[in-house]
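Here is target19.cif, consisting of mmCIF, C-alpha atoms:
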data_query
#
loop_
_atom_site.label_atom_id
_atom_site.label_comp_id
_atom_site.auth_asym_id
_atom_site.auth_seq_id
_atom_site.Cartn_x
_atom_site.Cartn_y
_atom_site.Cartn_z
CA TYR A 1 -9.74 -5.91 27.15
CA GLN A 2 -8.42 -2.95 25.22
CA MET A 3 -10.24 -1.27 22.38
CA GLY A 4 -7.24 0.40 20.82
CA VAL A 5 -9.40 2.53 18.52
CA THR A 6 -8.67 6.04 19.75
CA MET A 7 -5.61 8.21 20.02
CA TYR A 8 -3.53 6.31 22.55
CA SER A 9 -3.30 2.69 23.63
CA SER A 10 -3.04 3.29 27.39
CA ILE A 11 -5.64 4.32 29.94
CA ARG A 12 -4.80 7.99 29.44
CA THR A 13 -6.77 7.92 26.19
CA MET A 14 -9.99 7.55 28.09
CA ALA A 15 -9.22 10.62 30.18
CA ALA A 16 -7.61 12.78 27.55
CA GLY A 17 -10.28 11.88 25.06
CA ALA A 18 -13.19 12.35 27.42
CA ALA A 19 -13.67 15.93 26.19
CA VAL A 20 -11.01 18.65 26.48
CA LEU A 21 -11.85 21.67 24.32
CA LEU A 22 -9.35 22.77 21.73
CA LEU A 23 -8.98 26.42 20.83
CA LEU A 24 -9.06 27.10 17.09
CA SER A 25 -9.01 30.88 16.91
CA THR A 26 -9.53 33.91 19.14
CA ALA A 27 -10.95 37.24 18.14
CA ALA A 28 -11.30 40.31 20.35
CA GLN A 29 -14.54 39.15 21.94
CA SER A 30 -15.18 35.64 20.62
CA GLN A 31 -13.56 32.24 20.46
CA THR A 32 -14.11 29.00 18.57
CA THR A 33 -13.39 25.79 20.44
CA ARG A 34 -12.94 22.14 19.63
CA ARG A 35 -12.94 18.82 21.50
CA ALA A 36 -9.93 16.57 21.98
CA GLY A 37 -10.55 12.92 21.50
CA ALA A 38 -12.95 10.63 23.33
CA VAL A 39 -13.54 7.97 25.92
CA GLU A 40 -11.75 4.62 25.75
CA PRO A 41 -12.34 1.86 28.31
CA PRO A 42 -9.70 1.09 30.94
CA SER A 43 -7.46 -1.78 29.90
CA ASN A 44 -8.70 -4.11 32.66
CA VAL A 45 -12.44 -3.52 32.31
CA GLY A 46 -14.35 -6.76 31.81
CA SER A 47 -12.72 -8.56 34.73
CA THR A 48 -14.61 -11.38 36.46
CA SER A 49 -14.09 -9.88 39.91
CA GLU A 50 -17.31 -9.49 41.91
CA ARG A 51 -15.85 -6.46 43.70
CA PRO A 52 -15.37 -3.01 42.17
CA GLU A 53 -11.78 -2.17 41.19
CA PHE A 54 -10.23 1.28 41.20
CA PHE A 55 -8.10 2.68 38.38
CA GLY A 56 -6.18 5.89 37.82
CA SER A 57 -3.29 7.51 36.00
CA ALA A 58 -1.23 10.67 35.75
CA THR A 59 0.04 11.95 32.40
CA ILE A 60 2.32 14.75 31.28
CA PHE A 61 2.03 15.91 27.64
CA SER A 62 4.43 18.21 25.81
CA ASP A 63 1.28 19.41 23.98
CA GLN A 64 -1.94 17.47 24.31
CA ARG A 65 -3.35 17.02 20.82
CA SER A 66 -6.30 15.04 19.63
CA GLN A 67 -7.95 15.02 16.24
CA GLY A 68 -5.19 17.37 15.18
CA PHE A 69 -5.82 20.31 17.53
CA SER A 70 -3.94 21.52 20.60
CA ALA A 71 -5.74 21.64 23.93
CA ASN A 72 -3.35 24.11 25.52
CA ASP A 73 -1.94 26.38 22.80
CA GLN A 74 1.14 24.16 22.30
CA LYS A 75 2.04 24.30 26.00
CA PRO A 76 2.53 21.28 28.32
CA VAL A 77 -0.51 19.64 29.92
CA ALA A 78 -0.81 17.73 33.21
CA GLN A 79 -3.72 15.35 33.58
CA LEU A 80 -5.11 13.15 36.36
CA ASP A 81 -7.86 10.59 35.98
CA GLY A 82 -9.49 7.92 38.07
CA GLY A 83 -12.59 5.83 38.49
CA ILE A 84 -14.18 2.49 39.29
CA ILE A 85 -14.52 -0.70 37.22
CA TRP A 86 -17.09 -3.38 37.93
CA ARG A 87 -17.31 -6.29 35.52
CA ASN A 88 -18.04 -4.72 32.10
CA PHE A 89 -18.93 -1.27 33.42
CA TYR A 90 -16.74 1.69 34.29
CA ILE A 91 -17.28 5.23 35.56
CA GLY A 92 -14.79 7.98 36.30
CA ALA A 93 -13.56 11.52 35.92
CA SER A 94 -10.47 13.37 34.72
CA GLY A 95 -9.05 16.85 35.08
CA SER A 96 -6.42 18.78 33.11
CA ASN A 97 -5.18 22.27 32.40
CA VAL A 98 -6.28 23.83 29.08
CA ASP A 99 -6.01 27.16 27.31
CA LEU A 100 -9.33 28.31 25.85
CA GLY A 101 -7.93 31.62 24.66
CA THR A 102 -8.72 35.14 25.82
CA ILE A 103 -11.61 37.54 25.68
CA THR A 104 -11.40 41.34 25.78
CA ALA A 105 -14.16 43.44 27.29
CA ASN A 106 -14.08 47.05 28.51
CA GLY A 107 -10.43 47.25 27.57
CA ARG A 108 -9.49 44.29 29.79
CA THR A 109 -8.18 40.98 28.43
CA GLN A 110 -8.93 37.86 30.45
CA SER A 111 -8.55 34.10 30.04
CA VAL A 112 -11.68 32.25 28.89
CA GLY A 113 -10.80 29.08 30.81
CA ARG A 114 -7.84 27.21 32.27
CA PHE A 115 -9.25 23.94 33.61
CA ALA A 116 -11.28 21.07 32.13
CA LEU A 117 -13.18 18.50 34.16
CA ASN A 118 -14.61 15.47 32.38
CA TYR A 119 -17.03 12.82 33.65
CA PHE A 120 -17.45 9.56 31.77
CA ALA A 121 -19.13 6.15 31.97
CA GLY A 122 -19.26 3.17 29.66
CA TYR A 123 -19.90 -0.49 28.99
CA VAL A 124 -17.73 -2.98 27.07
CA ASN A 125 -18.33 -6.46 25.72
CA ARG A 126 -17.26 -8.91 23.03
CA TRP A 127 -19.26 -10.40 20.17
CA ARG A 128 -17.50 -13.34 18.52
CA ASN A 129 -14.04 -11.91 17.70
CA ILE A 130 -15.08 -8.26 17.88
CA ASP A 131 -14.61 -6.04 20.92
CA TRP A 132 -17.18 -3.27 21.24
CA ASP A 133 -17.99 -0.53 23.70
CA ILE A 134 -20.39 2.33 24.24
CA ALA A 135 -19.64 5.41 26.33
CA VAL A 136 -21.02 8.79 27.33
CA SER A 137 -19.09 11.80 28.62
CA TYR A 138 -19.82 15.27 29.95
CA ALA A 139 -17.26 18.08 29.73
CA THR A 140 -17.37 21.13 31.97
CA PHE A 141 -14.94 23.99 32.59
CA PRO A 142 -14.95 25.25 36.20
CA GLY A 143 -14.21 28.96 36.42
CA ALA A 144 -14.63 29.52 32.67
CA ARG A 145 -16.15 32.78 31.44
CA ASP A 146 -19.33 31.21 30.10
CA ALA A 147 -22.18 32.50 32.25
CA ASP A 148 -24.71 30.08 30.72
CA ALA A 149 -22.30 27.12 30.66
CA GLU A 150 -22.35 27.23 26.86
CA LEU A 151 -18.92 25.58 26.72
CA ASP A 152 -20.19 22.45 28.51
CA TYR A 153 -21.51 19.59 26.40
CA TRP A 154 -22.54 15.93 26.32
CA GLU A 155 -21.08 13.42 23.91
CA GLY A 156 -21.63 9.74 23.17
CA SER A 157 -19.33 7.30 21.40
CA PHE A 158 -19.42 3.75 20.05
CA GLY A 159 -16.36 1.72 19.09
CA VAL A 160 -15.51 -1.67 17.60
CA ALA A 161 -12.12 -3.35 17.18
CA GLY A 162 -10.68 -6.67 16.15
CA MET A 163 -7.72 -8.44 14.61
CA LEU A 164 -7.44 -7.94 10.84
CA VAL A 165 -4.46 -10.15 10.04
CA SER A 166 -1.96 -11.77 12.37
CA ASP A 167 -1.24 -9.20 15.12
CA LEU A 168 -2.57 -6.15 13.25
CA LYS A 169 -5.61 -4.71 15.05
CA GLY A 170 -8.07 -2.38 13.34
CA GLY A 171 -10.82 -0.28 14.85
CA LEU A 172 -13.58 2.20 14.13
CA ARG A 173 -15.12 4.75 16.48
CA PHE A 174 -18.06 7.10 16.12
CA TYR A 175 -18.61 10.24 18.21
CA TRP A 176 -21.79 12.31 18.34
CA SER A 177 -22.83 15.37 20.30
CA PRO A 178 -26.38 16.76 20.04
CA ASP A 179 -25.28 20.28 20.99
CA TYR A 180 -21.54 20.72 20.75
CA THR A 181 -19.42 23.11 22.78
CA ALA A 182 -20.05 26.85 22.35
CA ASN A 183 -23.56 26.11 21.05
CA GLN A 184 -22.20 24.78 17.74
CA GLY A 185 -25.04 22.34 17.17
CA HIS A 186 -24.68 18.66 16.37
CA ASN A 187 -21.21 17.24 15.78
CA PHE A 188 -20.25 13.86 14.30
CA VAL A 189 -16.78 12.28 14.03
CA LEU A 190 -15.75 9.04 12.33
CA GLU A 191 -12.31 7.73 13.27
CA GLY A 192 -10.34 4.65 12.22
CA SER A 193 -7.15 3.16 13.65
CA LEU A 194 -4.51 0.49 13.17
CA GLN A 195 -2.26 -0.95 15.91
CA LYS A 196 0.67 -3.31 15.54
CA PRO A 197 2.87 -4.46 18.43
CA LEU A 198 6.58 -4.57 17.65
CA ARG A 199 9.28 -6.84 19.02
CA ALA A 200 10.03 -6.21 22.69
CA ILE A 201 13.42 -4.68 23.53
CA ARG A 202 14.82 -5.49 26.97
CA GLY A 203 11.34 -5.76 28.40
CA TRP A 204 10.05 -2.60 26.70
CA LYS A 205 6.94 -3.28 24.62
CA PRO A 206 6.50 -0.87 21.66
CA THR A 207 3.28 -0.52 19.66
CA LEU A 208 3.03 1.33 16.35
CA GLU A 209 -0.26 3.16 15.80
CA PHE A 210 -1.98 5.04 12.99
CA VAL A 211 -5.20 7.05 13.36
CA ALA A 212 -7.18 8.99 10.74
CA GLY A 213 -10.63 10.50 10.76
CA HIS A 214 -13.07 13.15 9.63
CA GLN A 215 -15.29 15.57 11.52
CA PHE A 216 -18.71 16.54 10.21
CA GLY A 217 -19.73 19.79 11.91
CA ASP A 218 -22.91 21.87 11.81
CA GLU A 219 -21.74 24.64 9.47
CA GLY A 220 -24.93 26.61 10.06
CA ARG A 221 -23.91 27.00 13.73
CA GLY A 222 -20.27 27.98 13.17
CA ASN A 223 -18.78 24.49 13.14
CA PHE A 224 -16.99 22.89 10.13
CA ASP A 225 -15.73 19.72 8.45
CA TYR A 226 -12.05 18.69 8.31
CA TRP A 227 -9.67 15.72 8.18
CA PHE A 228 -7.07 14.68 10.77
CA TRP A 229 -4.43 11.98 11.08
CA GLU A 230 -1.57 10.90 13.33
CA VAL A 231 1.12 8.24 13.62
CA GLY A 232 2.67 7.27 16.92
CA LEU A 233 4.87 4.90 18.87
CA ASP A 234 3.67 3.89 22.33
CA ILE A 235 6.24 2.13 24.54
CA ALA A 236 5.24 0.26 27.69
CA LEU A 237 8.35 0.49 29.86
CA THR A 238 6.70 -1.42 32.73
CA ASP A 239 3.18 -2.56 33.56
CA LYS A 240 2.52 0.89 35.04
CA LEU A 241 4.75 3.30 33.12
CA SER A 242 4.61 4.15 29.40
CA VAL A 243 5.84 6.85 27.02
CA ASP A 244 4.34 7.94 23.73
CA PHE A 245 5.82 9.78 20.71
CA ARG A 246 3.33 11.01 18.11
CA TYR A 247 3.08 13.16 14.97
CA HIS A 248 -0.21 15.01 14.29
CA ASP A 249 -1.58 16.88 11.30
CA THR A 250 -4.86 18.07 9.76
CA ALA A 251 -6.22 18.80 6.27
CA ASP A 252 -8.97 20.94 4.73
CA VAL A 253 -9.44 23.04 7.87
CA PRO A 254 -11.37 26.12 6.62
CA ILE A 255 -9.78 28.58 9.05
CA SER A 256 -6.24 29.77 9.69
CA CYS A 257 -4.89 27.75 12.62
CA ASP A 258 -1.32 26.77 11.77
CA ARG A 259 -0.19 27.18 15.38
CA LEU A 260 -2.96 25.04 16.83
CA CYS A 261 -3.70 22.52 14.06
CA GLY A 262 -0.55 22.47 11.94
CA PRO A 263 2.01 19.62 11.89
CA ARG A 264 3.23 18.84 15.39
CA PHE A 265 5.36 16.24 17.17
CA VAL A 266 4.13 15.44 20.71
CA ALA A 267 5.61 13.36 23.54
CA SER A 268 3.93 12.14 26.71
CA ALA A 269 4.54 9.93 29.75
CA THR A 270 1.88 8.09 31.75
CA LEU A 271 2.02 6.48 35.18
CA GLU A 272 -0.88 4.23 36.14
CA TYR A 273 -1.72 3.65 39.78
#

Written as structure tokens, that's how I'd like the structure from this file.
Amino acid sequence: YQMGVTMYSSIRTMAAGAAVLLLLSTAAQSQTTRRAGAVEPPSNVGSTSERPEFFGSATIFSDQRSQGFSANDQKPVAQLDGGIIWRNFYIGASGSNVDLGTITANGRTQSVGRFALNYFAGYVNRWRNIDWDIAVSYATFPGARDADAELDYWEGSFGVAGMLVSDLKGGLRFYWSPDYTANQGHNFVLEGSLQKPLRAIRGWKPTLEFVAGHQFGDEGRGNFDYWFWEVGLDIALTDKLSVDFRYHDTADVPISCDRLCGPRFVASATLEY
């Protein structure tokens, strides 16, 4: 089982998308943040094994981007994730380095946060020819300068996917947070995707992907609406090792964020264990 409706086709999507905050802009004593992606089920969830199975992966990104925004100010990101699968259920956690900007107080400039820890759980199933899943995630930032944990937040997601024609897979995913990071109120994202496997080359299995979506933010709480899109090539070199090359961009973002949300080419490598 593989939903294939979020940013990446491998297991790293689940971890990267669980909820890393993305910095949009930094003022002298304030910062606006944004989430990166969402939860996607592990590729082998839904097995008939009566015993729980463990999963995990390690990924290196040249710049981890999701929904158009950088999680680490265009710098490389290292990410580890792992968890347990039992039948159609999964639960796990992931950790990665992030850059949430800086804050200046009493003449001293300090980092807002450098580490993201994400917990997630979900359930997957199939109805006729449609794969569907539901997931919930909680993002927290150990050591961050948020005394009341205002950066932490819960988020739920629901996704469906199925074959459109031949080997072209299409998917839709919905994200919703009742009180988004930095106390920005409710946040809703609608995201669509297309995936098409290409001819294998010497055992390498490439997949072409396209993702586009729109965020609906609570403008009364400092959030905003915008569009995002990306096109990528994911190559499975072996059953455990894959590389990904992806181009990201955004549109109608109402703030100046060329460095963090402008056009960007990103590469990554993932090792599953």

Convert the output of the PyMOL selection byres ((chain A and resi 54) around 8) on the shown file into explicit residues, formatted as a compact mmCIF listing (two decimals) with C-alpha atoms, keeping the file's coordinate frame.
# COMPACT_ATOMS: atom_id res chain seq x y z
CA PRO A 52 -15.37 -3.01 42.17
CA GLU A 53 -11.78 -2.17 41.19
CA PHE A 55 -8.10 2.68 38.38
CA GLY A 56 -6.18 5.89 37.82
CA GLY A 82 -9.49 7.92 38.07
CA GLY A 83 -12.59 5.83 38.49
CA ILE A 84 -14.18 2.49 39.29
CA ILE A 85 -14.52 -0.70 37.22

Contacts of stretch 174-189 of chain A within 6 Å, all atoms listed in the file, excl. fewer than 6 positions in-chain, as a PDB file with C-alpha atoms, in the frame of the given file:
ATOM      1  CA  GLU A 150     -22.350  27.230  26.860  1.00  0.00           C
ATOM      2  CA  LEU A 151     -18.920  25.580  26.720  1.00  0.00           C
ATOM      3  CA  ASP A 152     -20.190  22.450  28.510  1.00  0.00           C
ATOM      4  CA  TYR A 153     -21.510  19.590  26.400  1.00  0.00           C
ATOM      5  CA  GLU A 155     -21.080  13.420  23.910  1.00  0.00           C
ATOM      6  CA  GLY A 156     -21.630   9.740  23.170  1.00  0.00           C
ATOM      7  CA  SER A 157     -19.330   7.300  21.400  1.00  0.00           C
ATOM      8  CA  PHE A 158     -19.420   3.750  20.050  1.00  0.00           C
ATOM      9  CA  HIS A 214     -13.070  13.150   9.630  1.00  0.00           C
ATOM     10  CA  GLN A 215     -15.290  15.570  11.520  1.00  0.00           C
ATOM     11  CA  PHE A 216     -18.710  16.540  10.210  1.00  0.00           C
ATOM     12  CA  GLY A 217     -19.730  19.790  11.910  1.00  0.00           C
ATOM     13  CA  ASP A 218     -22.910  21.870  11.810  1.00  0.00           C
ATOM     14  CA  ARG A 221     -23.910  27.000  13.730  1.00  0.00           C
ATOM     15  CA  GLY A 222     -20.270  27.980  13.170  1.00  0.00           C
ATOM     16  CA  ASN A 223     -18.780  24.490  13.140  1.00  0.00           C
TER      17      ASN A 223
END

Measuring atom to atom with only C-alpha atoms, identify which of A:Val112, A:Val98, A:Val165, A:Val253 is nearest to A:Arg65.
A:Val98

Evaluating the PyMOL selection byres ((chain A and resi 191-193) around 7) on the displayed file yields which residues, as a VMD selection string?
chain A and resid 5 to 6 170 to 174 189 to 190 194 to 195 210 to 214

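Excluding A:Ile134 itself and same-chain residues fewer than 2 positions from it, the residues having an atom within 10 Å of it are Val39, Glu40, Pro41, Phe89, Ala121, Gly122, Tyr123, Val124, Asn125, Trp132, Val136, Gly156, Ser157, Phe158, Gly159, Val160, Arg173 and Phe174 of chain A, counting only C-alpha atoms.
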
Just write the chosen residues, C-alpha atoms, as a compact mmCIF listing (two decimals), in the frame of the given file.
# COMPACT_ATOMS: atom_id res chain seq x y z
CA VAL A 39 -13.54 7.97 25.92
CA GLU A 40 -11.75 4.62 25.75
CA PRO A 41 -12.34 1.86 28.31
CA PHE A 89 -18.93 -1.27 33.42
CA ALA A 121 -19.13 6.15 31.97
CA GLY A 122 -19.26 3.17 29.66
CA TYR A 123 -19.90 -0.49 28.99
CA VAL A 124 -17.73 -2.98 27.07
CA ASN A 125 -18.33 -6.46 25.72
CA TRP A 132 -17.18 -3.27 21.24
CA VAL A 136 -21.02 8.79 27.33
CA GLY A 156 -21.63 9.74 23.17
CA SER A 157 -19.33 7.30 21.40
CA PHE A 158 -19.42 3.75 20.05
CA GLY A 159 -16.36 1.72 19.09
CA VAL A 160 -15.51 -1.67 17.60
CA ARG A 173 -15.12 4.75 16.48
CA PHE A 174 -18.06 7.10 16.12

Can you list, as a VMD selection string, the residues that the PyMOL selection byres ((chain A and resi 60) around 6) selects here?
chain A and resid 59 61 77 to 78 268 to 269

Measuring between only C-alpha atoms, which one of A:Phe265, A:Phe120, A:Phe115, A:Trp204 shows the shortest distance to A:Ile91?
A:Phe120

Separation of atom CA of A:Thr104 from atom CA of A:Ser62 in Å
28.0 Å
